[in-house]
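data_33.cif (mmCIF, C-alpha atoms (C1' of nucleotides))
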data_upload
#
loop_
_atom_site.group_PDB
_atom_site.id
_atom_site.type_symbol
_atom_site.label_atom_id
_atom_site.label_comp_id
_atom_site.auth_asym_id
_atom_site.auth_seq_id
_atom_site.Cartn_x
_atom_site.Cartn_y
_atom_site.Cartn_z
ATOM 1 C CA MET A 1 -30.067 16.344 10.920
ATOM 2 C CA LYS A 2 -29.650 14.428 14.152
ATOM 3 C CA VAL A 3 -30.938 15.504 17.516
ATOM 4 C CA ASP A 4 -30.520 13.842 20.874
ATOM 5 C CA VAL A 5 -33.609 12.052 22.175
ATOM 6 C CA GLN A 6 -33.320 13.661 25.591
ATOM 7 C CA GLU A 7 -33.047 17.069 23.945
ATOM 8 C CA ILE A 8 -36.284 16.422 22.096
ATOM 9 C CA LYS A 9 -38.041 15.331 25.259
ATOM 10 C CA SER A 10 -36.962 18.389 27.174
ATOM 11 C CA PHE A 11 -37.934 20.689 24.298
ATOM 12 C CA GLN A 12 -41.380 19.102 24.229
ATOM 13 C CA ARG A 13 -41.761 19.583 27.977
ATOM 14 C CA LYS A 14 -40.706 23.210 27.733
ATOM 15 C CA ILE A 15 -43.153 23.995 24.916
ATOM 16 C CA ARG A 16 -46.020 22.134 26.580
ATOM 17 C CA GLU A 17 -45.411 23.920 29.861
ATOM 18 C CA PHE A 18 -45.300 27.269 28.104
ATOM 19 C CA TYR A 19 -48.603 26.519 26.393
ATOM 20 C CA ARG A 20 -50.213 25.450 29.662
ATOM 21 C CA GLN A 21 -49.402 28.846 31.093
ATOM 22 C CA HIS A 22 -49.486 31.219 28.146
ATOM 23 C CA GLY A 23 -51.396 29.502 25.325
ATOM 24 C CA ARG A 24 -53.919 31.665 23.457
ATOM 25 C CA GLU A 25 -57.506 30.602 23.044
ATOM 26 C CA LEU A 26 -58.578 31.549 19.552
ATOM 27 C CA PRO A 27 -61.910 30.793 17.876
ATOM 28 C CA PHE A 28 -60.305 28.834 15.058
ATOM 29 C CA ARG A 29 -58.541 26.667 17.618
ATOM 30 C CA LEU A 30 -61.883 25.401 18.895
ATOM 31 C CA ILE A 31 -63.126 23.953 15.605
ATOM 32 C CA ASP A 32 -62.012 21.259 13.179
ATOM 33 C CA ASP A 33 -64.472 21.827 10.345
ATOM 34 C CA PRO A 34 -62.309 21.721 7.190
ATOM 35 C CA TYR A 35 -64.134 24.715 5.739
ATOM 36 C CA ALA A 36 -63.623 26.921 8.790
ATOM 37 C CA VAL A 37 -60.030 25.747 9.175
ATOM 38 C CA THR A 38 -59.279 26.598 5.546
ATOM 39 C CA VAL A 39 -60.886 30.028 5.827
ATOM 40 C CA SER A 40 -58.847 30.799 8.939
ATOM 41 C CA GLU A 41 -55.566 29.540 7.500
ATOM 42 C CA ILE A 42 -55.910 31.486 4.265
ATOM 43 C CA MET A 43 -56.865 34.626 6.172
ATOM 44 C CA LEU A 44 -53.882 34.099 8.457
ATOM 45 C CA GLN A 45 -51.407 33.957 5.555
ATOM 46 C CA GLN A 46 -49.301 37.115 5.908
ATOM 47 C CA THR A 47 -51.863 38.580 8.249
ATOM 48 C CA GLN A 48 -51.883 39.047 12.023
ATOM 49 C CA VAL A 49 -54.367 37.277 14.253
ATOM 50 C CA ASP A 50 -55.890 40.506 15.566
ATOM 51 C CA ARG A 51 -56.667 41.667 12.078
ATOM 52 C CA VAL A 52 -58.150 38.308 11.099
ATOM 53 C CA LEU A 53 -60.438 37.737 14.093
ATOM 54 C CA PRO A 54 -63.371 40.071 13.269
ATOM 55 C CA LYS A 55 -63.195 39.229 9.558
ATOM 56 C CA TYR A 56 -63.139 35.506 10.290
ATOM 57 C CA ARG A 57 -66.265 35.701 12.454
ATOM 58 C CA ALA A 58 -68.153 37.838 9.954
ATOM 59 C CA TRP A 59 -67.107 35.603 7.069
ATOM 60 C CA LEU A 60 -68.350 32.415 8.728
ATOM 61 C CA LYS A 61 -71.632 34.081 9.581
ATOM 62 C CA LYS A 62 -72.124 35.248 6.002
ATOM 63 C CA TYR A 63 -70.698 32.188 4.226
ATOM 64 C CA PRO A 64 -71.039 29.305 6.694
ATOM 65 C CA THR A 65 -70.315 26.469 4.247
ATOM 66 C CA TRP A 66 -68.442 25.662 1.044
ATOM 67 C CA LYS A 67 -71.796 25.629 -0.707
ATOM 68 C CA LYS A 68 -72.795 29.110 0.462
ATOM 69 C CA LEU A 69 -69.387 30.477 -0.447
ATOM 70 C CA SER A 70 -69.471 28.893 -3.879
ATOM 71 C CA LEU A 71 -72.729 30.722 -4.588
ATOM 72 C CA ALA A 72 -71.554 34.129 -3.367
ATOM 73 C CA SER A 73 -70.612 36.872 -5.825
ATOM 74 C CA ASN A 74 -67.046 38.113 -6.115
ATOM 75 C CA LYS A 75 -68.352 41.534 -5.227
ATOM 76 C CA SER A 76 -69.744 40.327 -1.924
ATOM 77 C CA ILE A 77 -66.644 38.277 -1.216
ATOM 78 C CA LEU A 78 -64.233 41.138 -1.863
ATOM 79 C CA ALA A 79 -66.349 43.447 0.274
ATOM 80 C CA SER A 80 -66.119 40.931 3.120
ATOM 81 C CA TRP A 81 -62.378 40.676 2.570
ATOM 82 C CA SER A 82 -61.842 44.423 2.683
ATOM 83 C CA GLY A 83 -59.227 45.300 5.287
ATOM 84 C CA LEU A 84 -57.326 42.036 5.078
ATOM 85 C CA GLY A 85 -55.212 42.829 2.036
ATOM 86 C CA TYR A 86 -53.942 40.458 -0.642
ATOM 87 C CA ASN A 87 -57.347 40.303 -2.304
ATOM 88 C CA ARG A 88 -56.328 37.357 -4.467
ATOM 89 C CA ARG A 89 -56.804 35.198 -1.406
ATOM 90 C CA ALA A 90 -60.538 35.934 -1.305
ATOM 91 C CA LEU A 91 -60.900 34.757 -4.885
ATOM 92 C CA TYR A 92 -58.729 31.713 -4.220
ATOM 93 C CA LEU A 93 -61.093 30.812 -1.402
ATOM 94 C CA LYS A 94 -64.090 31.057 -3.687
ATOM 95 C CA SER A 95 -62.351 28.960 -6.355
ATOM 96 C CA ILE A 96 -61.606 26.359 -3.722
ATOM 97 C CA ALA A 97 -65.285 26.349 -2.735
ATOM 98 C CA GLU A 98 -66.314 25.775 -6.359
ATOM 99 C CA ILE A 99 -63.821 22.955 -6.785
ATOM 100 C CA ILE A 100 -64.913 21.297 -3.533
ATOM 101 C CA ILE A 101 -68.550 21.439 -4.567
ATOM 102 C CA GLU A 102 -68.065 20.349 -8.170
ATOM 103 C CA LYS A 103 -65.088 18.014 -8.131
ATOM 104 C CA TYR A 104 -65.293 16.653 -4.597
ATOM 105 C CA HIS A 105 -69.072 16.750 -4.122
ATOM 106 C CA GLY A 106 -68.846 19.092 -1.155
ATOM 107 C CA VAL A 107 -66.253 17.138 0.811
ATOM 108 C CA MET A 108 -62.774 18.541 1.236
ATOM 109 C CA PRO A 109 -60.086 15.999 0.307
ATOM 110 C CA SER A 110 -57.653 14.916 3.016
ATOM 111 C CA ASP A 111 -54.907 13.962 0.607
ATOM 112 C CA ILE A 112 -51.905 16.263 0.574
ATOM 113 C CA LYS A 113 -51.476 16.157 -3.194
ATOM 114 C CA GLU A 114 -55.108 17.037 -3.791
ATOM 115 C CA LEU A 115 -54.921 19.866 -1.263
ATOM 116 C CA LYS A 116 -51.848 21.395 -2.876
ATOM 117 C CA GLN A 117 -53.646 21.506 -6.229
ATOM 118 C CA LEU A 118 -56.134 23.944 -4.751
ATOM 119 C CA PRO A 119 -55.411 27.634 -5.460
ATOM 120 C CA GLY A 120 -53.773 29.537 -2.616
ATOM 121 C CA ILE A 121 -52.862 26.364 -0.751
ATOM 122 C CA GLY A 122 -49.134 25.686 -0.604
ATOM 123 C CA GLU A 123 -46.701 23.878 1.648
ATOM 124 C CA TYR A 124 -47.648 25.443 4.957
ATOM 125 C CA THR A 125 -51.416 25.609 4.507
ATOM 126 C CA SER A 126 -51.859 22.091 3.134
ATOM 127 C CA HIS A 127 -50.108 20.698 6.183
ATOM 128 C CA ALA A 128 -52.023 23.010 8.515
ATOM 129 C CA ILE A 129 -55.343 21.773 7.114
ATOM 130 C CA LEU A 130 -54.316 18.145 7.555
ATOM 131 C CA ILE A 131 -53.328 18.824 11.147
ATOM 132 C CA PHE A 132 -56.136 21.129 12.267
ATOM 133 C CA ALA A 133 -59.031 19.659 10.285
ATOM 134 C CA PHE A 134 -58.041 16.030 9.795
ATOM 135 C CA ASN A 135 -56.078 15.395 12.947
ATOM 136 C CA LYS A 136 -53.087 13.981 11.069
ATOM 137 C CA ARG A 137 -49.784 13.389 12.809
ATOM 138 C CA LEU A 138 -47.760 15.730 10.652
ATOM 139 C CA ALA A 139 -45.557 18.783 11.138
ATOM 140 C CA THR A 140 -46.000 22.177 9.516
ATOM 141 C CA VAL A 141 -43.565 25.066 9.627
ATOM 142 C CA ASP A 142 -44.472 28.727 9.368
ATOM 143 C CA THR A 143 -41.911 31.461 9.955
ATOM 144 C CA ASN A 144 -42.609 31.511 13.675
ATOM 145 C CA ILE A 145 -42.153 27.782 14.113
ATOM 146 C CA ARG A 146 -39.042 28.040 11.982
ATOM 147 C CA LYS A 147 -37.736 30.712 14.314
ATOM 148 C CA ALA A 148 -38.446 28.559 17.374
ATOM 149 C CA LEU A 149 -36.623 25.535 15.948
ATOM 150 C CA LEU A 150 -33.603 27.528 14.763
ATOM 151 C CA SER A 151 -33.313 29.108 18.161
ATOM 152 C CA GLU A 152 -33.809 25.961 20.230
ATOM 153 C CA PHE A 153 -31.390 23.830 18.234
ATOM 154 C CA ASN A 154 -28.875 26.576 17.464
ATOM 155 C CA LEU A 155 -29.125 26.221 13.718
ATOM 156 C CA PRO A 156 -27.750 28.704 11.193
ATOM 157 C CA PRO A 157 -30.245 31.192 9.754
ATOM 158 C CA ASP A 158 -29.757 29.846 6.231
ATOM 159 C CA THR A 159 -30.997 26.366 7.185
ATOM 160 C CA SER A 160 -33.101 25.147 4.279
ATOM 161 C CA ASP A 161 -36.861 24.707 4.464
ATOM 162 C CA SER A 162 -36.560 20.973 3.879
ATOM 163 C CA GLU A 163 -34.114 20.620 6.775
ATOM 164 C CA ILE A 164 -36.432 22.554 9.064
ATOM 165 C CA GLN A 165 -39.363 20.421 7.988
ATOM 166 C CA GLU A 166 -37.350 17.309 8.736
ATOM 167 C CA LEU A 167 -36.452 18.618 12.172
ATOM 168 C CA ALA A 168 -40.056 19.628 12.858
ATOM 169 C CA GLN A 169 -41.111 16.075 12.040
ATOM 170 C CA LEU A 170 -38.380 14.738 14.305
ATOM 171 C CA VAL A 171 -39.448 16.700 17.374
ATOM 172 C CA LEU A 172 -43.148 16.039 16.793
ATOM 173 C CA PRO A 173 -44.804 14.430 19.837
ATOM 174 C CA LYS A 174 -46.833 11.246 19.523
ATOM 175 C CA THR A 175 -50.175 12.832 20.378
ATOM 176 C CA LYS A 176 -52.030 16.166 20.612
ATOM 177 C CA ILE A 177 -50.484 17.390 17.384
ATOM 178 C CA ARG A 178 -52.875 20.318 17.071
ATOM 179 C CA GLN A 179 -51.974 21.607 20.522
ATOM 180 C CA TRP A 180 -48.310 21.069 19.790
ATOM 181 C CA HIS A 181 -48.476 23.431 16.824
ATOM 182 C CA TYR A 182 -50.528 26.016 18.683
ATOM 183 C CA ALA A 183 -47.986 25.831 21.478
ATOM 184 C CA LEU A 184 -45.005 26.197 19.143
ATOM 185 C CA MET A 185 -46.584 29.205 17.449
ATOM 186 C CA ASP A 186 -47.402 30.919 20.731
ATOM 187 C CA PHE A 187 -43.950 30.193 22.120
ATOM 188 C CA ALA A 188 -42.249 31.467 18.970
ATOM 189 C CA LYS A 189 -44.076 34.784 19.227
ATOM 190 C CA THR A 190 -42.054 35.533 22.360
ATOM 191 C CA LEU A 191 -38.723 35.059 20.561
ATOM 192 C CA PRO A 192 -36.852 37.928 18.936
ATOM 193 C CA LYS A 193 -37.071 38.291 15.179
ATOM 194 C CA GLU A 194 -34.604 36.407 13.048
ATOM 195 C CA ILE A 195 -31.708 38.759 12.526
ATOM 196 C CA HIS A 196 -31.078 37.725 8.951
ATOM 197 C CA LEU A 197 -34.680 38.462 8.017
ATOM 198 C CA ILE A 198 -34.235 41.996 9.236
ATOM 199 C CA TYR A 199 -30.913 42.207 7.445
ATOM 200 C CA LYS A 200 -32.474 41.011 4.204
ATOM 201 C CA ASN A 201 -35.283 43.495 4.701
ATOM 202 C CA LYS A 202 -37.726 40.662 4.334
ATOM 203 C CA TYR A 203 -40.462 42.607 6.085
ATOM 204 C CA LYS A 204 -39.747 45.793 4.193
ATOM 205 C CA GLN A 205 -42.400 46.932 1.826
ATOM 206 C CA SER A 206 -42.342 49.874 -0.520
ATOM 207 C CA LYS A 207 -44.252 52.968 0.473
ATOM 208 C CA PHE A 208 -48.019 52.624 0.096
ATOM 209 C CA ASP A 209 -48.690 56.250 -0.722
ATOM 210 C CA GLY A 210 -48.172 56.809 -4.420
ATOM 211 C CA SER A 211 -47.813 53.098 -5.111
ATOM 212 C CA ILE A 212 -49.475 50.979 -7.783
ATOM 213 C CA ARG A 213 -50.850 48.937 -4.896
ATOM 214 C CA GLN A 214 -52.763 51.948 -3.660
ATOM 215 C CA ILE A 215 -54.521 52.242 -7.028
ATOM 216 C CA ARG A 216 -55.266 48.506 -7.072
ATOM 217 C CA GLY A 217 -56.934 48.786 -3.689
ATOM 218 C CA GLU A 218 -59.011 51.764 -4.772
ATOM 219 C CA ILE A 219 -60.202 50.011 -7.941
ATOM 220 C CA ILE A 220 -61.339 46.975 -5.972
ATOM 221 C CA ARG A 221 -63.046 49.151 -3.383
ATOM 222 C CA GLN A 222 -64.942 50.977 -6.142
ATOM 223 C CA LEU A 223 -65.949 47.722 -7.817
ATOM 224 C CA THR A 224 -67.563 46.488 -4.609
ATOM 225 C CA THR A 225 -70.026 49.389 -4.828
ATOM 226 C CA GLN A 226 -70.620 49.690 -8.570
ATOM 227 C CA PRO A 227 -70.766 47.260 -11.493
ATOM 228 C CA PHE A 228 -67.904 48.732 -13.507
ATOM 229 C CA ILE A 229 -65.405 51.570 -13.652
ATOM 230 C CA THR A 230 -63.363 53.272 -16.386
ATOM 231 C CA HIS A 231 -59.799 54.554 -16.561
ATOM 232 C CA LYS A 232 -61.209 58.050 -16.484
ATOM 233 C CA ASP A 233 -63.148 57.376 -13.266
ATOM 234 C CA ILE A 234 -60.014 56.010 -11.656
ATOM 235 C CA ALA A 235 -58.020 59.037 -12.741
ATOM 236 C CA LYS A 236 -60.604 61.346 -11.239
ATOM 237 C CA ILE A 237 -60.685 59.481 -7.934
ATOM 238 C CA THR A 238 -56.993 58.806 -7.479
ATOM 239 C CA LYS A 239 -55.475 61.775 -9.338
ATOM 240 C CA ARG A 240 -52.760 59.479 -10.561
ATOM 241 C CA THR A 241 -50.973 59.359 -13.905
ATOM 242 C CA GLU A 242 -52.392 57.422 -16.826
ATOM 243 C CA THR A 243 -49.282 55.235 -16.789
ATOM 244 C CA ASP A 244 -49.718 54.257 -13.134
ATOM 245 C CA ILE A 245 -53.406 53.527 -13.631
ATOM 246 C CA ALA A 246 -52.696 51.432 -16.706
ATOM 247 C CA GLN A 247 -50.134 49.482 -14.705
ATOM 248 C CA ALA A 248 -52.561 48.832 -11.844
ATOM 249 C CA VAL A 249 -55.288 47.734 -14.236
ATOM 250 C CA SER A 250 -52.938 45.469 -16.127
ATOM 251 C CA ASP A 251 -51.687 43.895 -12.874
ATOM 252 C CA LEU A 252 -55.227 43.263 -11.627
ATOM 253 C CA GLN A 253 -56.094 41.735 -14.977
ATOM 254 C CA LYS A 254 -53.074 39.461 -14.810
ATOM 255 C CA ASP A 255 -54.138 38.386 -11.318
ATOM 256 C CA LYS A 256 -57.571 37.536 -12.731
ATOM 257 C CA ILE A 257 -59.264 39.908 -10.316
ATOM 258 C CA ILE A 258 -60.801 42.111 -13.021
ATOM 259 C CA ILE A 259 -61.770 41.788 -16.659
ATOM 260 C CA ILE A 260 -62.056 44.494 -19.294
ATOM 261 C CA LYS A 261 -64.909 44.700 -21.755
ATOM 262 C CA GLU A 262 -65.302 47.636 -24.144
ATOM 263 C CA ASP A 263 -63.009 49.822 -22.040
ATOM 264 C CA LYS A 264 -65.040 49.107 -18.931
ATOM 265 C CA ILE A 265 -63.433 47.410 -15.961
ATOM 266 C CA TYR A 266 -65.436 44.709 -14.167
ATOM 267 C CA LEU A 267 -64.787 42.324 -11.359
ATOM 268 C CA GLN A 268 -63.958 38.870 -12.734
ATOM 269 C CA LYS A 269 -67.164 36.850 -13.212
ATOM 270 C "C1'" DA B 1 -42.044 55.100 9.207
ATOM 271 C "C1'" DT B 2 -42.313 50.200 10.834
ATOM 272 C "C1'" DC B 3 -44.242 45.779 11.338
ATOM 273 C "C1'" DC B 4 -46.629 41.383 10.062
ATOM 274 C "C1'" DC B 5 -45.669 36.784 6.884
ATOM 275 C "C1'" DG B 6 -47.416 32.263 2.724
ATOM 276 C "C1'" DT B 7 -48.255 31.448 -2.316
ATOM 277 C "C1'" DT B 8 -47.658 32.177 -7.039
ATOM 278 C "C1'" DG B 9 -45.428 32.627 -11.365
ATOM 279 C "C1'" DA B 10 -41.649 34.005 -13.994
ATOM 280 C "C1'" DT C 1 -34.458 31.830 -6.747
ATOM 281 C "C1'" DC C 2 -37.052 35.994 -6.106
ATOM 282 C "C1'" DA C 3 -40.230 39.839 -6.742
ATOM 283 C "C1'" DA C 4 -45.004 40.936 -6.139
ATOM 284 C "C1'" DC C 5 -49.003 40.910 -3.443
ATOM 285 C "C1'" DG C 6 -51.773 44.681 1.558
ATOM 286 C "C1'" DG C 7 -53.793 47.633 4.882
ATOM 287 C "C1'" DG C 8 -54.223 49.158 9.449
ATOM 288 C "C1'" DA C 9 -52.321 49.430 14.266
ATOM 289 C "C1'" DT C 10 -48.634 51.476 16.506
#

What do you get writing this file as structure tokens?
Amino acid sequence: MKVDVQEIKSFQRKIREFYRQHGRELPFRLIDDPYAVTVSEIMLQQTQVDRVLPKYRAWLKKYPTWKKLSLASNKSILASWSGLGYNRRALYLKSIAEIIIEKYHGVMPSDIKELKQLPGIGEYTSHAILIFAFNKRLATVDTNIRKALLSEFNLPPDTSDSEIQELAQLVLPKTKIRQWHYALMDFAKTLPKEIHLIYKNKYKQSKFDGSIRQIRGEIIRQLTTQPFITHKDIAKITKRTETDIAQAVSDLQKDKIIIIKEDKIYLQK
DNA sequence: ATCCCGTTGA
DNA sequence: TCAACGGGAT
């Protein structure tokens, strides 16, 4: 991957100018507290900003620190998460809080390897935390930034993640790394979707109505208002087949979201 | 009906 | 490498 120095400079100017005129001011762009940054980044995984905003504010009010979060019940956490989807993320966040309190004595590590060990934190989020909370000069690539780089440098849609990461590092400015990433993300939003992602139906999801997912959601919703539930209760509420319910329960169990004791279904822990 | 979009585990 | 995970606005 080689890119002309002048090309990099002009790209940087273009992105910076775009940000000066069209950059979004978002609450999680005004803070660098590692806890708040982590909460925002995990909420923002697979989830639009507009959906995250009210939940993010409410979450920080209710659980303002790692310590407070580590002491919260799963029931309370899942209730706060309701509406965001991918409920595993809420439990990941609580696990992270427990690890930070117990293993790191309340201080989030700033080492990439340590960060990636934490549940729910992968390639993108570990880098994002280092950039937004620890002010590191590092690049991170989400699908929007990927789209911006492919488009700007005329790269083929099948360019590998490692190549994109390398390019992102190459075009990284010397300073204001946080703003650079905000700018890239905002700029990328204005670009058309990647054709091959549409072609591969990457955004396609199976119908919600009648899905196992629908039952999963209902079970979790019920468990945020009562201590346990049975297969029979679920059948009555959802009017779904025993097979579908068994599947949903088994999936939730595998995801460590629920546990079963004497035919009763409880939230984990 | 379509759209958004990172991590995990097999 | 790839399926599974999610719900609400439009």

Any chance you could work out the residue set of the PyMOL selection byres ((chain C) within 7 of (chain A)) here, as a ChimeraX atom specification? /C:5-7

What residues come out when you apply the PyMOL selection byres ((chain B) within 6 of (chain A)) to this file, written as a VMD selection string? chain B and resid 5 to 7

Leaving out segment 71-78 of chain A and any residue of its chain fewer than 3 positions from it, which residues lie within 12 Å of it when counting all atoms listed in the file, given as a ChimeraX atom specification? /A:55,58-60,62-68,81-98,101-102,217,219-228,256-258,266-269

Report, as JSON, the centre and edge lengths in Å (one decimal) of the axis-aligned box enclosing every listed atom of chain C, padded by 3 Å on each side.
{"center_x": -44.3, "center_y": 41.7, "center_z": 4.9, "size_x": 25.8, "size_y": 25.6, "size_z": 29.3}

Selection near Gln179 of chain A, 10 Å with all atoms listed in the file, sequence-local residues under 3 positions removed, as a tab-separated table (two decimals) with C-alpha atoms, in the frame of the given file:
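Wrote around-v2.tsv, looks like this:
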chain	number	residue	atom	x	y	z
A	16	ARG	CA	-46.02	22.13	26.58
A	19	TYR	CA	-48.60	26.52	26.39
A	23	GLY	CA	-51.40	29.50	25.32
A	29	ARG	CA	-58.54	26.67	17.62
A	131	ILE	CA	-53.33	18.82	11.15
A	132	PHE	CA	-56.14	21.13	12.27
A	175	THR	CA	-50.18	12.83	20.38
A	176	LYS	CA	-52.03	16.17	20.61
A	182	TYR	CA	-50.53	26.02	18.68
A	183	ALA	CA	-47.99	25.83	21.48
A	184	LEU	CA	-45.00	26.20	19.14
A	185	MET	CA	-46.58	29.20	17.45

Might you pull out every residue within 7 Å of segment 234-245 of chain A, with only C-alpha atoms (C1' of nucleotides) counted and same-chain residues fewer than 4 positions away left off, and present them as JSON, numbers by chain? {"A": [212, 215, 230, 249]}

Please list as a PyMOL selection string every residue within 12 Å of Gln169 of chain A, counting only C-alpha atoms (C1' of nucleotides) and excluding residues in the same chain fewer than 2 positions away. chain A and resi 1-3+8+127+137-141+145+149+162-167+171-174+177+180-181

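Atom pair atom CA of Ala168 of chain A / atom CA of Phe28 of chain A has a distance of 22.4 Å (rounded to one decimal).
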
Could you check how far atom CA of Ser151 of chain A sits from atom CA of Asn135 of chain A, in Å to one decimal? 27.1 Å

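Distances from A:Val5, A:Ala133, A:Leu170, A:Ile229 to Ser40 of chain A were compared using only C-alpha atoms, and the smallest one belongs to A:Ala133.
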
Interatomic distance (Å, one decimal) between atom CA of Leu155 of chain A and atom CA of Ser126 of chain A: 25.4 Å

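Around DA10 of chain B, within 12 Å and counting all atoms listed in the file, the residues found are DT1, DC2, DA3 and DA4 of chain C, once anything fewer than 5 positions away on its own chain is removed.
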
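Of the residues under consideration (A:Lys193, A:Lys113, A:His22, A:Arg146), A:Lys193 shows the shortest atom-to-atom contact distance to DC4 of chain B when counting only C-alpha atoms (C1' of nucleotides).
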
Rebuild segment 215-222 of chain A so that it carries all heavy atoms, then output the result as a short mmCIF file (atom, residue, chain, number, x, y, z; two decimals), keeping the file's coordinate frame.
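This went into selection-v2.cif:
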data_model
loop_
_atom_site.label_atom_id
_atom_site.label_comp_id
_atom_site.auth_asym_id
_atom_site.auth_seq_id
_atom_site.Cartn_x
_atom_site.Cartn_y
_atom_site.Cartn_z
N ILE A 215 -53.51 52.15 -5.97
CA ILE A 215 -54.52 52.24 -7.03
C ILE A 215 -55.30 50.93 -7.12
O ILE A 215 -56.53 50.93 -7.26
CB ILE A 215 -53.86 52.56 -8.39
CG1 ILE A 215 -52.95 53.78 -8.27
CG2 ILE A 215 -54.92 52.78 -9.46
CD1 ILE A 215 -52.20 54.12 -9.54
N ARG A 216 -54.60 49.82 -7.06
CA ARG A 216 -55.27 48.51 -7.07
C ARG A 216 -56.35 48.43 -6.01
O ARG A 216 -57.48 48.04 -6.27
CB ARG A 216 -54.26 47.37 -6.80
CG ARG A 216 -53.30 47.07 -7.91
CD ARG A 216 -52.30 46.00 -7.44
NE ARG A 216 -52.96 44.78 -7.01
CZ ARG A 216 -52.80 43.59 -7.57
NH1 ARG A 216 -51.98 43.46 -8.60
NH2 ARG A 216 -53.43 42.55 -7.11
N GLY A 217 -55.99 48.82 -4.80
CA GLY A 217 -56.93 48.79 -3.69
C GLY A 217 -58.15 49.66 -3.95
O GLY A 217 -59.29 49.25 -3.69
N GLU A 218 -57.91 50.84 -4.50
CA GLU A 218 -59.01 51.76 -4.77
C GLU A 218 -59.94 51.20 -5.85
O GLU A 218 -61.17 51.30 -5.73
CB GLU A 218 -58.44 53.12 -5.21
CG GLU A 218 -59.48 54.22 -5.33
CD GLU A 218 -60.28 54.42 -4.04
OE1 GLU A 218 -59.67 54.40 -2.95
OE2 GLU A 218 -61.52 54.57 -4.11
N ILE A 219 -59.38 50.59 -6.87
CA ILE A 219 -60.20 50.01 -7.94
C ILE A 219 -61.11 48.92 -7.38
O ILE A 219 -62.31 48.88 -7.64
CB ILE A 219 -59.30 49.43 -9.06
CG1 ILE A 219 -58.56 50.56 -9.78
CG2 ILE A 219 -60.14 48.61 -10.05
CD1 ILE A 219 -57.50 50.09 -10.76
N ILE A 220 -60.54 48.06 -6.56
CA ILE A 220 -61.34 46.98 -5.97
C ILE A 220 -62.42 47.53 -5.06
O ILE A 220 -63.57 47.10 -5.10
CB ILE A 220 -60.43 45.99 -5.22
CG1 ILE A 220 -59.59 45.21 -6.23
CG2 ILE A 220 -61.24 45.03 -4.37
CD1 ILE A 220 -58.48 44.42 -5.63
N ARG A 221 -62.05 48.53 -4.27
CA ARG A 221 -63.05 49.15 -3.38
C ARG A 221 -64.21 49.72 -4.20
O ARG A 221 -65.38 49.52 -3.89
CB ARG A 221 -62.39 50.25 -2.56
CG ARG A 221 -63.13 50.58 -1.28
CD ARG A 221 -62.28 51.25 -0.23
NE ARG A 221 -61.15 51.99 -0.72
CZ ARG A 221 -59.89 51.58 -0.64
NH1 ARG A 221 -59.61 50.44 -0.07
NH2 ARG A 221 -58.92 52.31 -1.13
N GLN A 222 -63.89 50.40 -5.29
CA GLN A 222 -64.94 50.98 -6.14
C GLN A 222 -65.83 49.87 -6.72
O GLN A 222 -67.04 50.01 -6.80
CB GLN A 222 -64.31 51.79 -7.28
CG GLN A 222 -63.63 53.08 -6.83
CD GLN A 222 -64.61 54.05 -6.20
OE1 GLN A 222 -65.75 54.18 -6.63
NE2 GLN A 222 -64.17 54.74 -5.15
#
